[in-house]
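Enquirer: Here you go, work06.cif (mmCIF, C-alpha atoms):
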```cif
data_query
#
loop_
_atom_site.label_atom_id
_atom_site.label_comp_id
_atom_site.auth_asym_id
_atom_site.auth_seq_id
_atom_site.Cartn_x
_atom_site.Cartn_y
_atom_site.Cartn_z
CA MET A 1 12.57 -18.62 18.08
CA SER A 2 9.41 -20.60 18.61
CA GLU A 3 7.53 -21.93 15.62
CA ARG A 4 5.04 -19.12 16.08
CA PRO A 5 6.75 -15.81 15.41
CA PRO A 6 5.30 -12.65 16.99
CA LEU A 7 2.23 -11.15 15.32
CA THR A 8 2.43 -7.68 13.86
CA GLU A 9 0.57 -5.05 15.83
CA GLY A 10 -1.88 -4.69 12.95
CA VAL A 11 -2.67 -8.40 12.75
CA TYR A 12 -3.00 -8.64 16.54
CA TYR A 13 -5.57 -5.85 16.63
CA ILE A 14 -7.42 -7.14 13.58
CA LEU A 15 -7.80 -10.55 15.25
CA LEU A 16 -8.91 -8.94 18.53
CA SER A 17 -11.45 -6.77 16.71
CA LEU A 18 -12.93 -9.84 15.08
CA TYR A 19 -13.99 -11.60 18.28
CA GLU A 20 -17.25 -10.04 17.11
CA PRO A 21 -18.17 -9.81 13.41
CA ARG A 22 -16.94 -6.57 11.87
CA HIS A 23 -16.20 -5.09 8.47
CA GLY A 24 -13.01 -3.24 7.53
CA TYR A 25 -14.05 0.14 8.81
CA GLY A 26 -15.22 -1.38 12.10
CA ILE A 27 -11.75 -2.87 12.60
CA ILE A 28 -10.07 0.48 11.95
CA GLN A 29 -12.38 2.30 14.37
CA LEU A 30 -12.15 -0.25 17.19
CA THR A 31 -8.36 -0.44 16.92
CA GLU A 32 -8.07 3.33 17.05
CA GLU A 33 -10.40 3.38 20.06
CA MET A 34 -8.54 0.59 21.92
CA THR A 35 -5.16 2.28 21.41
CA LYS A 36 -6.51 5.79 22.07
CA GLY A 37 -5.58 6.89 18.56
CA ARG A 38 -2.04 5.50 18.60
CA VAL A 39 -2.64 2.75 16.02
CA LYS A 40 -4.43 3.99 12.91
CA LEU A 41 -4.51 1.12 10.44
CA GLY A 42 -4.38 2.10 6.77
CA ALA A 43 -7.09 0.63 4.57
CA GLY A 44 -4.50 -0.87 2.21
CA THR A 45 -2.71 -2.54 5.10
CA ILE A 46 -5.96 -3.97 6.49
CA TYR A 47 -7.11 -5.21 3.09
CA GLY A 48 -3.88 -7.13 2.56
CA ALA A 49 -3.90 -8.51 6.11
CA ILE A 50 -7.53 -9.69 5.79
CA LYS A 51 -6.64 -11.56 2.58
CA THR A 52 -3.73 -13.30 4.28
CA LEU A 53 -5.70 -14.13 7.43
CA LEU A 54 -8.51 -15.59 5.30
CA ASP A 55 -6.02 -17.72 3.35
CA ARG A 56 -4.57 -19.07 6.58
CA GLY A 57 -8.01 -19.79 8.05
CA LEU A 58 -7.54 -17.47 11.02
CA ILE A 59 -10.64 -15.48 10.15
CA GLN A 60 -13.68 -16.24 8.00
CA PRO A 61 -16.34 -14.22 6.20
CA VAL A 62 -19.74 -13.96 7.87
CA ASP A 63 -22.65 -15.08 5.68
CA ASP A 64 -24.62 -11.98 5.09
CA ASP A 65 -26.51 -10.39 2.21
CA GLY A 66 -25.32 -6.96 3.25
CA ARG A 67 -23.08 -5.11 0.84
CA LYS A 68 -20.29 -4.65 3.36
CA LYS A 69 -18.38 -7.84 3.99
CA GLU A 70 -18.04 -8.82 7.62
CA TYR A 71 -15.44 -11.15 9.07
CA VAL A 72 -15.10 -13.10 12.29
CA ILE A 73 -12.21 -14.90 14.01
CA THR A 74 -11.97 -18.72 13.79
CA SER A 75 -10.88 -21.09 16.58
CA GLU A 76 -7.41 -21.27 14.97
CA GLY A 77 -7.31 -17.50 15.09
CA LYS A 78 -8.28 -17.50 18.77
CA GLN A 79 -5.48 -19.97 19.52
CA MET A 80 -3.08 -17.64 17.79
CA VAL A 81 -4.24 -14.71 19.93
CA GLU A 82 -3.98 -16.74 23.16
CA HIS A 83 -0.45 -17.72 22.24
CA GLU A 84 0.43 -14.12 21.51
CA ILE A 85 -1.00 -12.95 24.84
CA SER A 86 1.22 -15.38 26.78
CA ARG A 87 4.21 -14.20 24.77
CA LEU A 88 3.35 -10.56 25.55
CA MET A 89 2.89 -11.45 29.26
CA GLU A 90 6.39 -12.90 29.30
CA LEU A 91 7.80 -9.79 27.61
CA PHE A 92 5.92 -7.57 30.02
CA GLU A 93 6.89 -9.44 33.20
CA ASN A 94 10.56 -9.70 32.26
CA GLY A 95 10.62 -6.03 31.36
CA ILE A 96 9.04 -4.91 34.62
CA ARG A 97 11.22 -7.21 36.72
CA ILE A 98 14.48 -5.96 35.25
CA THR A 99 13.73 -2.27 34.79
CA ARG A 100 12.28 -1.95 38.31
CA GLY A 101 15.59 -3.23 39.65
CA ASP A 102 14.45 -6.54 41.06
CA LYS A 103 16.99 -9.32 41.27
CA ILE A 104 17.05 -11.79 38.42
CA ASP A 105 16.43 -15.27 39.77
CA MET B 1 -19.50 25.91 -13.37
CA THR B 2 -16.54 25.05 -11.18
CA GLU B 3 -13.28 26.62 -12.16
CA LYS B 4 -10.83 24.17 -13.69
CA LEU B 5 -7.11 24.03 -14.23
CA THR B 6 -5.08 21.69 -16.39
CA LYS B 7 -1.39 21.08 -15.77
CA ILE B 8 1.03 19.15 -17.92
CA ARG B 9 3.59 17.34 -15.78
CA PHE B 10 5.72 14.24 -15.94
CA PHE B 11 6.95 12.72 -12.73
CA ILE B 12 9.61 10.08 -12.50
CA ASP B 13 8.90 9.60 -8.79
CA TYR B 14 5.33 8.73 -7.85
CA GLU B 15 5.87 9.97 -4.26
CA LYS B 16 6.92 13.40 -5.51
CA GLU B 17 3.85 13.42 -7.74
CA GLU B 18 1.59 12.66 -4.77
CA GLN B 19 3.29 15.41 -2.77
CA TRP B 20 2.70 17.88 -5.60
CA VAL B 21 -0.99 16.89 -5.88
CA ASN B 22 -1.33 17.49 -2.13
CA ASP B 23 0.44 20.85 -2.43
CA MET B 24 -2.04 21.81 -5.16
CA SER B 25 -4.88 20.78 -2.84
CA GLN B 26 -3.42 22.99 -0.10
CA GLN B 27 -3.77 25.88 -2.55
CA GLY B 28 -7.39 24.95 -3.24
CA TRP B 29 -6.87 22.99 -6.46
CA HIS B 30 -8.25 19.49 -6.06
CA LEU B 31 -7.28 16.80 -8.52
CA VAL B 32 -10.26 15.36 -10.39
CA LYS B 33 -8.68 13.70 -13.41
CA LEU B 34 -5.39 12.10 -14.31
CA GLY B 35 -4.16 11.21 -17.80
CA PHE B 36 -0.92 10.65 -19.69
CA GLY B 37 1.17 13.53 -18.39
CA TYR B 38 -1.76 15.77 -17.54
CA PHE B 39 -3.70 16.58 -14.40
CA ILE B 40 -7.05 18.36 -14.15
CA PHE B 41 -7.88 20.24 -10.96
CA GLU B 42 -11.07 21.81 -9.66
CA LYS B 43 -11.24 24.90 -7.50
CA GLY B 44 -12.35 24.25 -3.92
CA LEU B 45 -11.52 24.91 -0.29
CA PRO B 46 -7.75 24.96 0.35
CA GLY B 47 -6.60 21.82 2.15
CA GLU B 48 -9.99 20.15 2.01
CA TYR B 49 -8.59 16.75 1.02
CA ILE B 50 -5.62 14.47 1.54
CA TYR B 51 -4.66 12.60 -1.65
CA ARG B 52 -2.91 9.24 -1.97
CA ASN B 53 -1.86 7.56 -5.19
CA GLU B 54 -1.49 3.87 -5.71
CA MET B 55 -0.50 1.42 -8.41
CA LEU B 56 -3.31 -1.12 -8.28
CA ALA B 57 -2.53 -4.39 -10.01
CA GLY B 58 1.04 -5.41 -10.59
CA PHE B 59 1.04 -8.92 -11.86
CA ARG B 60 -0.89 -10.54 -9.12
CA LYS B 61 -2.67 -13.68 -10.28
CA LYS B 62 -6.09 -12.21 -9.69
CA ASP B 63 -7.06 -8.63 -10.24
CA ASN B 64 -8.82 -7.64 -7.02
CA SER B 65 -8.94 -3.95 -7.91
CA LYS B 66 -12.72 -3.65 -7.94
CA GLU B 67 -13.10 -5.40 -4.60
CA TYR B 68 -10.26 -3.32 -3.17
CA ILE B 69 -11.82 -0.04 -4.30
CA GLU B 70 -15.14 -1.11 -2.75
CA PHE B 71 -13.34 -1.97 0.47
CA LEU B 72 -11.72 1.46 0.57
CA LYS B 73 -15.07 3.13 -0.14
CA ASP B 74 -16.52 1.46 2.95
CA THR B 75 -13.77 3.04 5.02
CA GLY B 76 -14.67 6.49 3.71
CA VAL B 77 -12.03 6.71 0.98
CA GLU B 78 -13.09 8.19 -2.35
CA LEU B 79 -11.69 7.02 -5.69
CA VAL B 80 -10.92 10.19 -7.61
CA THR B 81 -9.42 9.12 -10.90
CA LYS B 82 -7.81 6.16 -12.60
CA TYR B 83 -5.30 6.10 -15.42
CA MET B 84 -4.11 2.68 -16.51
CA THR B 85 -3.08 0.99 -13.29
CA TRP B 86 -2.52 4.23 -11.35
CA VAL B 87 -5.26 5.66 -9.16
CA TYR B 88 -5.76 8.61 -6.88
CA PHE B 89 -7.77 8.29 -3.70
CA ARG B 90 -8.74 11.09 -1.37
CA LYS B 91 -10.28 11.65 2.02
CA LYS B 92 -11.49 14.80 3.74
CA THR B 93 -8.72 16.29 5.87
CA GLU B 94 -11.14 16.84 8.77
CA GLU B 95 -11.55 13.05 9.05
CA GLY B 96 -7.96 12.77 10.28
CA PRO B 97 -4.73 11.38 8.84
CA PHE B 98 -5.07 9.29 5.71
CA GLU B 99 -2.51 6.67 4.74
CA LEU B 100 -3.09 3.51 2.74
CA TYR B 101 -0.19 1.54 4.18
CA THR B 102 0.71 1.98 7.82
CA ASP B 103 3.25 -0.70 8.71
CA PHE B 104 6.67 -1.65 7.32
CA THR B 105 5.54 -5.07 6.12
CA SER B 106 2.68 -3.78 3.98
CA LYS B 107 4.77 -0.85 2.75
CA ILE B 108 7.46 -3.28 1.56
CA GLN B 109 4.83 -5.45 -0.13
CA TYR B 110 3.47 -2.43 -1.96
CA ILE B 111 6.93 -1.34 -3.09
CA ASN B 112 7.59 -4.87 -4.35
CA ARG B 113 4.45 -4.72 -6.49
CA ILE B 114 5.78 -1.65 -8.31
CA LEU B 115 9.37 -2.84 -8.27
CA TYR B 116 8.68 -6.15 -10.02
CA LEU B 117 6.58 -4.52 -12.72
CA PHE B 118 9.20 -1.83 -13.41
CA LEU B 119 11.97 -4.42 -13.36
CA LEU B 120 10.15 -6.51 -15.96
CA LEU B 121 9.53 -3.48 -18.18
CA PHE B 122 13.16 -2.48 -17.84
CA LEU B 123 14.51 -5.94 -18.68
CA VAL B 124 12.19 -6.54 -21.64
CA ASN B 125 13.04 -3.18 -23.20
CA PHE B 126 16.73 -3.54 -22.46
CA TYR B 127 16.81 -7.01 -24.02
CA PHE B 128 15.03 -5.96 -27.20
CA GLY B 129 17.04 -2.76 -27.30
CA ILE B 130 20.35 -4.61 -27.31
CA THR B 131 19.24 -7.34 -29.72
CA ASN B 132 17.72 -4.83 -32.16
CA VAL B 133 20.56 -2.33 -32.10
CA PHE B 134 23.26 -4.94 -32.53
CA ASN B 135 21.14 -6.73 -35.05
CA VAL B 136 21.44 -10.09 -33.34
CA PHE B 137 18.66 -11.63 -35.43
CA ASN B 138 20.15 -10.36 -38.70
CA HIS B 139 17.20 -8.38 -40.00
CA ASN B 140 19.24 -5.78 -41.75
CA SER B 141 17.10 -2.67 -41.63
CA ASN B 142 17.03 0.80 -40.21
CA VAL B 143 13.64 0.10 -38.71
CA THR B 144 15.06 -2.55 -36.39
CA TYR B 145 17.81 -0.19 -35.36
CA THR B 146 15.36 2.64 -34.64
CA ILE B 147 13.10 0.35 -32.63
CA GLY B 148 16.18 -0.81 -30.73
CA ILE B 149 17.15 2.74 -29.84
CA PHE B 150 13.57 3.39 -28.75
CA ASN B 151 13.65 0.26 -26.53
CA LEU B 152 16.89 1.39 -24.93
CA LEU B 153 15.45 4.84 -24.23
CA VAL B 154 12.38 3.31 -22.60
CA SER B 155 14.54 1.04 -20.45
CA LEU B 156 16.60 4.08 -19.46
CA ILE B 157 13.45 5.78 -18.12
CA PHE B 158 13.08 2.99 -15.56
CA VAL B 159 16.62 3.19 -14.18
CA TYR B 160 16.10 6.04 -11.71
CA PRO B 161 12.66 4.90 -10.45
CA LEU B 162 14.13 1.43 -9.90
CA PHE B 163 17.02 2.92 -7.96
CA LEU B 164 14.54 4.86 -5.77
CA LEU B 165 12.38 1.77 -5.18
CA PHE B 166 15.37 -0.39 -4.17
CA LYS B 167 16.58 2.35 -1.84
CA ARG B 168 13.17 2.78 -0.20
CA ARG B 169 12.78 -0.96 0.19
CA ASN B 170 16.20 -1.25 1.84
CA ASP B 171 15.42 1.60 4.24
CA LEU B 172 12.23 -0.14 5.32
CA LYS B 173 13.94 -3.51 5.60
CA SER B 174 16.68 -2.11 7.82
CA LYS B 175 13.99 -0.75 10.15
CA LEU B 176 12.46 -4.22 10.34
CA THR B 177 15.67 -5.54 11.90
CA ILE B 178 15.03 -3.44 15.01
CA PHE B 179 11.35 -2.67 14.94
CA HIS B 180 8.61 -5.15 14.41
CA ASP B 181 6.35 -3.00 12.28
#
```
Just give me the structure as structure tokens.

Expert:
Amino acid sequence: MSERPPLTEGVYYILLSLYEPRHGYGIIQLTEEMTKGRVKLGAGTIYGAIKTLLDRGLIQPVDDDGRKKEYVITSEGKQMVEHEISRLMELFENGIRITRGDKID
Amino acid sequence: MTEKLTKIRFFIDYEKEEQWVNDMSQQGWHLVKLGFGYFIFEKGLPGEYIYRNEMLAGFRKKDNSKEYIEFLKDTGVELVTKYMTWVYFRKKTEEGPFELYTDFTSKIQYINRILYLFLLLFLVNFYFGITNVFNVFNHNSNVTYTIGIFNLLVSLIFVYPLFLLFKRRNDLKSKLTIFHD
């Protein structure tokens, strides 16, 4: 295992949603839209994940006087997403190569 | 005046309780108030809402309940009633499925919150039950004995819920060994 374990689906989509500032409901809606309704994040799950991501400095609150709190991804968070994408690419390519019957090099 | 209905019920399993509240809602009785062993319902459209219960603060360092409830409100979830640390939330059925926790990791965390609180209550009552009944501290009185019996009864109440919580947690954990979340 690498030092960066895989992200949960929820965390991955929360981080993706926060490439632009969004509040909780915005994250839920965008995630549902991106996955065509497959991933519906529960509000309790999101709330807990946001707390953890804030603690780890992967996202930060946006300064705003609005009542609804908005969050945005940090550069550390973006690094995490990039890393996850290359991991997913590897999973995807290996999966395609083997299931489509190509020879393993 | 809206028609009201009061039911006296005690549930040992909070998931069964939630199921019952949802069944009542299916019949057009929507929960509006929760108290010690009683539930007040209001007549409305059958199946109009989906209800979810939650134990808010266990012993987390900071009580974020207010912030959490605000957060839920912003996602269209309505706080219906609160009794001690237990709350009921609801959402209109037409707005689609409503779950508070949607992955294994957060479900396990939530179960832990309840589990640790129940475990503490069980242990404290069990400890004082045993010490009082067997008169460990040598206060020779019937009062101590009675309190001891009471403590033991209270600790007994937590045995089955604890068993359920451990079982549910193990089921979720075994899923985590194959599935990510």

Enquirer: Between B:Ser174, B:Leu56, B:Ser155, B:Phe98, which one has atoms that come closest to Gly76 in chain B, using only C-alpha atoms?

Expert: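 The closest residue to Gly76 in chain B is B:Phe98.
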
Enquirer: Between B:Gly96, B:Gly28, B:Pro46, B:Gly37, which has the minimum distance to chain A (counting only C-alpha atoms)?

Expert: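 Under the stated criterion, the closest residue is B:Gly96.
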
Enquirer: Please produce, as a tab-separated table, a per-residue contact table for chain B versus chain A (criterion: any atom at most 9 Å away, only C-alpha atoms considered), showing the nearest atom pair and its distance in Å to one decimal, sorted by chain then residue number.

Expert:
```
residue	atom	partner	partner_atom	distance
B:Tyr68	CA	A:Tyr47	CA	7.3
B:Glu70	CA	A:Lys68	CA	8.7
B:Phe71	CA	A:Gly24	CA	7.2
B:Leu72	CA	A:Ala43	CA	6.2
B:Asp74	CA	A:Tyr25	CA	6.5
B:Thr75	CA	A:Tyr25	CA	4.8
B:Gly76	CA	A:Tyr25	CA	8.2
B:Val77	CA	A:Ala43	CA	8.6
B:Pro97	CA	A:Lys40	CA	8.4
B:Phe98	CA	A:Gly42	CA	7.3
B:Glu99	CA	A:Gly42	CA	5.3
B:Leu100	CA	A:Gly42	CA	4.5
B:Tyr101	CA	A:Thr45	CA	4.9
B:Thr102	CA	A:Gly42	CA	5.2
B:Asp103	CA	A:Thr45	CA	7.2
B:Thr105	CA	A:Thr45	CA	8.7
B:Ser106	CA	A:Thr45	CA	5.6
B:Lys107	CA	A:Thr45	CA	8.0
B:His180	CA	A:Thr8	CA	6.7
B:Asp181	CA	A:Thr8	CA	6.3
```

Enquirer: Name all residues at most 12 Å from Gly35 in chain B (count all atoms listed in the file; drop same-chain ones fewer than 2 positions away) and give them as a ChimeraX atom specification.

Expert: /B:6-10,31-33,37-41,81-88

Enquirer: Just the residues within 8 Å of Leu152 in chain B, please, counting only C-alpha atoms, with nothing from its chain fewer than 2 positions along; format it as a PDB file with C-alpha atoms, in the coordinates of the input.

Expert:
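Listed below is the output, selection_30.pdb:
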```
ATOM      1  CA  ASN B 125      13.040  -3.180 -23.200  1.00  0.00           C
ATOM      2  CA  PHE B 126      16.730  -3.540 -22.460  1.00  0.00           C
ATOM      3  CA  PHE B 128      15.030  -5.960 -27.200  1.00  0.00           C
ATOM      4  CA  GLY B 129      17.040  -2.760 -27.300  1.00  0.00           C
ATOM      5  CA  ILE B 130      20.350  -4.610 -27.310  1.00  0.00           C
ATOM      6  CA  GLY B 148      16.180  -0.810 -30.730  1.00  0.00           C
ATOM      7  CA  ILE B 149      17.150   2.740 -29.840  1.00  0.00           C
ATOM      8  CA  PHE B 150      13.570   3.390 -28.750  1.00  0.00           C
ATOM      9  CA  VAL B 154      12.380   3.310 -22.600  1.00  0.00           C
ATOM     10  CA  SER B 155      14.540   1.040 -20.450  1.00  0.00           C
ATOM     11  CA  LEU B 156      16.600   4.080 -19.460  1.00  0.00           C
TER      12      LEU B 156
END
```

Enquirer: The PyMOL selection byres ((chain B and resi 14-20) around 10) on the file shown: which residues, as a list in words?

Expert: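 Listing what the PyMOL selection byres ((chain B and resi 14-20) around 10) selects in the shown file: Arg9, Phe10, Phe11, Ile12, Asp13, Val21, Asn22, Asp23, Met24, Ser25, Gln26, Ile50, Tyr51, Arg52, Asn53, Glu54, Met55, Trp86, Tyr88 and Pro161 of chain B.
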
Enquirer: So what do you get for CA of Glu32 in chain A versus CA of Tyr13 in chain A, distance-wise?

Expert: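 Here the two named atoms are 9.5 Å from each other.
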
Enquirer: Determine the residue membership of the PyMOL selection byres ((chain A and resi 70-76) around 10) for the file above and supply it as a PDB file with C-alpha atoms, in the coordinates of the input.

Expert:
```pdb
ATOM      1  CA  ILE A  14      -7.420  -7.140  13.580  1.00  0.00           C
ATOM      2  CA  LEU A  15      -7.800 -10.550  15.250  1.00  0.00           C
ATOM      3  CA  LEU A  16      -8.910  -8.940  18.530  1.00  0.00           C
ATOM      4  CA  SER A  17     -11.450  -6.770  16.710  1.00  0.00           C
ATOM      5  CA  LEU A  18     -12.930  -9.840  15.080  1.00  0.00           C
ATOM      6  CA  TYR A  19     -13.990 -11.600  18.280  1.00  0.00           C
ATOM      7  CA  GLU A  20     -17.250 -10.040  17.110  1.00  0.00           C
ATOM      8  CA  PRO A  21     -18.170  -9.810  13.410  1.00  0.00           C
ATOM      9  CA  ARG A  22     -16.940  -6.570  11.870  1.00  0.00           C
ATOM     10  CA  HIS A  23     -16.200  -5.090   8.470  1.00  0.00           C
ATOM     11  CA  GLY A  24     -13.010  -3.240   7.530  1.00  0.00           C
ATOM     12  CA  TYR A  25     -14.050   0.140   8.810  1.00  0.00           C
ATOM     13  CA  GLY A  26     -15.220  -1.380  12.100  1.00  0.00           C
ATOM     14  CA  ILE A  27     -11.750  -2.870  12.600  1.00  0.00           C
ATOM     15  CA  ILE A  50      -7.530  -9.690   5.790  1.00  0.00           C
ATOM     16  CA  LEU A  53      -5.700 -14.130   7.430  1.00  0.00           C
ATOM     17  CA  LEU A  54      -8.510 -15.590   5.300  1.00  0.00           C
ATOM     18  CA  ARG A  56      -4.570 -19.070   6.580  1.00  0.00           C
ATOM     19  CA  GLY A  57      -8.010 -19.790   8.050  1.00  0.00           C
ATOM     20  CA  LEU A  58      -7.540 -17.470  11.020  1.00  0.00           C
ATOM     21  CA  ILE A  59     -10.640 -15.480  10.150  1.00  0.00           C
ATOM     22  CA  GLN A  60     -13.680 -16.240   8.000  1.00  0.00           C
ATOM     23  CA  PRO A  61     -16.340 -14.220   6.200  1.00  0.00           C
ATOM     24  CA  VAL A  62     -19.740 -13.960   7.870  1.00  0.00           C
ATOM     25  CA  ASP A  63     -22.650 -15.080   5.680  1.00  0.00           C
ATOM     26  CA  ASP A  64     -24.620 -11.980   5.090  1.00  0.00           C
ATOM     27  CA  GLY A  66     -25.320  -6.960   3.250  1.00  0.00           C
ATOM     28  CA  ARG A  67     -23.080  -5.110   0.840  1.00  0.00           C
ATOM     29  CA  LYS A  68     -20.290  -4.650   3.360  1.00  0.00           C
ATOM     30  CA  LYS A  69     -18.380  -7.840   3.990  1.00  0.00           C
ATOM     31  CA  GLY A  77      -7.310 -17.500  15.090  1.00  0.00           C
ATOM     32  CA  LYS A  78      -8.280 -17.500  18.770  1.00  0.00           C
ATOM     33  CA  GLN A  79      -5.480 -19.970  19.520  1.00  0.00           C
ATOM     34  CA  MET A  80      -3.080 -17.640  17.790  1.00  0.00           C
ATOM     35  CA  VAL A  81      -4.240 -14.710  19.930  1.00  0.00           C
ATOM     36  CA  GLU A  82      -3.980 -16.740  23.160  1.00  0.00           C
TER      37      GLU A  82
END
```
